[in-house]
Amino acid sequence: MEEIYEIGLLLDFYGQLLTQRQFEVLDLHYNSDYSLREIAEHLGISRQGVYDNLKRGKTLLINFEKVLSLLEKHCKQKTIIEKIVNIVDSINIDNVSNEDKEKLFEIKKYIVELSKDS
């Protein structure tokens with residue numbers, strides 16, 4: 001997974017566990033594509049302060065993921081949901097009763113709903 005994308009996702013899962021400053025710095029850098037200089041100017045801190053917060057915050061996010069594995073579980077769940085949708089879509093419904101067709105459509109509806117939440 002590309003680092004920028006991965007850190008952005010880790011921020012979504014664990015960002016509230018960081019200090020407010022670490023979250024701000026990481027959010028500006030990874031989600032808003034600010035440079036270290038731009039973040040320093042925006043927050044009124046030194047570039048070294050920005051660098052330190054980036055490094056510390058990124059390390060914390062990675063450690064949270066190593067312990068809790070929320071992003072990994074999320075990605076696995078999303079993959080499984082996609083596989084289930086593909087299987088349901090591949091079922092030949094020509095010889096299926098109307099009642100069973102309705103059940104299949106309902107199953108697909110719930111699976112799609114789950115995929116929107118994940």
# chains A, B, ... in the order shown; residues from 1 in each chain; ligands from 1
$ residues_around --residues "A:Glu24" --least-positions-apart "4" --cutoff "9 Å" --atoms "only C-alpha atoms" --output "list of chain:residue names"
A:Thr19, A:Gln20, A:Leu28, A:His29, A:Ile39, A:Leu43
$ residues_around --residues "A:Asn53" --least-positions-apart "4" --cutoff "9 Å" --atoms "only C-alpha atoms" --output "JSON, numbers by chain"
{"A": [21, 22, 23, 25, 26, 48, 49, 57, 58]}
$ write_last_selection --atoms "N, CA and C atoms" --output "PDB file, in the first residue's frame"
ATOM      1  N   ARG A  21      -1.593  18.083  18.321  1.00  0.00           N
ATOM      2  CA  ARG A  21      -0.552  18.614  17.433  1.00  0.00           C
ATOM      3  C   ARG A  21      -0.090  17.545  16.436  1.00  0.00           C
ATOM      4  N   GLN A  22       0.143  16.332  16.926  1.00  0.00           N
ATOM      5  CA  GLN A  22       0.567  15.259  16.028  1.00  0.00           C
ATOM      6  C   GLN A  22      -0.493  15.011  14.958  1.00  0.00           C
ATOM      7  N   PHE A  23      -1.745  14.980  15.379  1.00  0.00           N
ATOM      8  CA  PHE A  23      -2.830  14.760  14.424  1.00  0.00           C
ATOM      9  C   PHE A  23      -2.867  15.879  13.389  1.00  0.00           C
ATOM     10  N   VAL A  25      -0.472  17.900  12.369  1.00  0.00           N
ATOM     11  CA  VAL A  25       0.693  17.842  11.485  1.00  0.00           C
ATOM     12  C   VAL A  25       0.541  16.711  10.473  1.00  0.00           C
ATOM     13  N   LEU A  26       0.176  15.521  10.944  1.00  0.00           N
ATOM     14  CA  LEU A  26       0.006  14.388  10.037  1.00  0.00           C
ATOM     15  C   LEU A  26      -1.133  14.623   9.050  1.00  0.00           C
ATOM     16  N   GLN A  48      11.662  21.839  12.338  1.00  0.00           N
ATOM     17  CA  GLN A  48      12.124  20.709  13.145  1.00  0.00           C
ATOM     18  C   GLN A  48      10.975  20.173  14.006  1.00  0.00           C
ATOM     19  N   GLY A  49      10.166  21.081  14.534  1.00  0.00           N
ATOM     20  CA  GLY A  49       8.998  20.671  15.305  1.00  0.00           C
ATOM     21  C   GLY A  49       8.015  19.882  14.463  1.00  0.00           C
ATOM     22  N   GLY A  57       4.384  10.829  15.362  1.00  0.00           N
ATOM     23  CA  GLY A  57       3.002  10.456  15.079  1.00  0.00           C
ATOM     24  C   GLY A  57       2.910   9.259  14.152  1.00  0.00           C
ATOM     25  N   LYS A  58       3.735   9.246  13.118  1.00  0.00           N
ATOM     26  CA  LYS A  58       3.735   8.127  12.176  1.00  0.00           C
ATOM     27  C   LYS A  58       4.146   6.832  12.882  1.00  0.00           C
TER      28      LYS A  58
END
$ closest_residue --among "A:Gly44, A:Ile111, A:Ser35, A:Glu99" --to "A:Ile80" --atoms "only C-alpha atoms"
A:Ile111
$ residues_around --residues "A:Arg37" --least-positions-apart "3" --cutoff "9 Å" --atoms "only C-alpha atoms" --output "list in words"
Tyr34, Ala40, Glu41, His42, Ser46, Arg47 and Val50 of chain A
$ write_last_selection --atoms "C-alpha atoms" --output "PDB file, in the first residue's frame"
ATOM      1  CA  TYR A  34       1.298  20.440   2.869  1.00  0.00           C
ATOM      2  CA  ALA A  40       5.416  25.153  10.138  1.00  0.00           C
ATOM      3  CA  GLU A  41       4.067  28.482   8.873  1.00  0.00           C
ATOM      4  CA  HIS A  42       0.444  27.405   9.310  1.00  0.00           C
ATOM      5  CA  SER A  46       9.654  25.283  13.502  1.00  0.00           C
ATOM      6  CA  ARG A  47      10.282  22.888  10.637  1.00  0.00           C
ATOM      7  CA  VAL A  50       6.946  19.606  12.294  1.00  0.00           C
TER       8      VAL A  50
END
$ residues_around --residues "A:Ile107" --least-positions-apart "5" --cutoff "9 Å" --atoms "only C-alpha atoms" --output "PDB file with N, CA and C atoms, in the first residue's frame"
ATOM      1  N   VAL A  88     -22.628 -13.824  -5.482  1.00  0.00           N
ATOM      2  CA  VAL A  88     -24.079 -13.617  -5.602  1.00  0.00           C
ATOM      3  C   VAL A  88     -24.422 -13.170  -7.024  1.00  0.00           C
ATOM      4  N   GLU A 102     -35.922 -13.100  -4.728  1.00  0.00           N
ATOM      5  CA  GLU A 102     -36.079 -11.982  -3.793  1.00  0.00           C
ATOM      6  C   GLU A 102     -35.077 -12.095  -2.643  1.00  0.00           C
ATOM      7  N   VAL A 112     -24.076  -5.057   0.019  1.00  0.00           N
ATOM      8  CA  VAL A 112     -23.680  -3.751  -0.505  1.00  0.00           C
ATOM      9  C   VAL A 112     -23.745  -2.699   0.596  1.00  0.00           C
TER      10      VAL A 112
END
$ residues_around --residues "stretch 12-14 of chain A" --least-positions-apart "5" --cutoff "8 Å" --atoms "only C-alpha atoms" --output "NGL selection string"
:A and (61 or 64 or 70-71)
$ closest_residue --among "A:Leu10, A:Ile81, A:Ile4, A:Ile93" --to "A:Glu65" --atoms "only C-alpha atoms"
A:Leu10
$ residues_around --residues "A:Asn92" --least-positions-apart "5" --cutoff "12 Å" --atoms "only C-alpha atoms" --output "list in words"
Ile87, Ser97, Asp100, Lys101 and Leu104 of chain A
$ closest_residue --among "A:Asp52, A:Asn31, A:Ser115, A:Leu18" --to "A:Cys75" --atoms "only C-alpha atoms"
A:Ser115
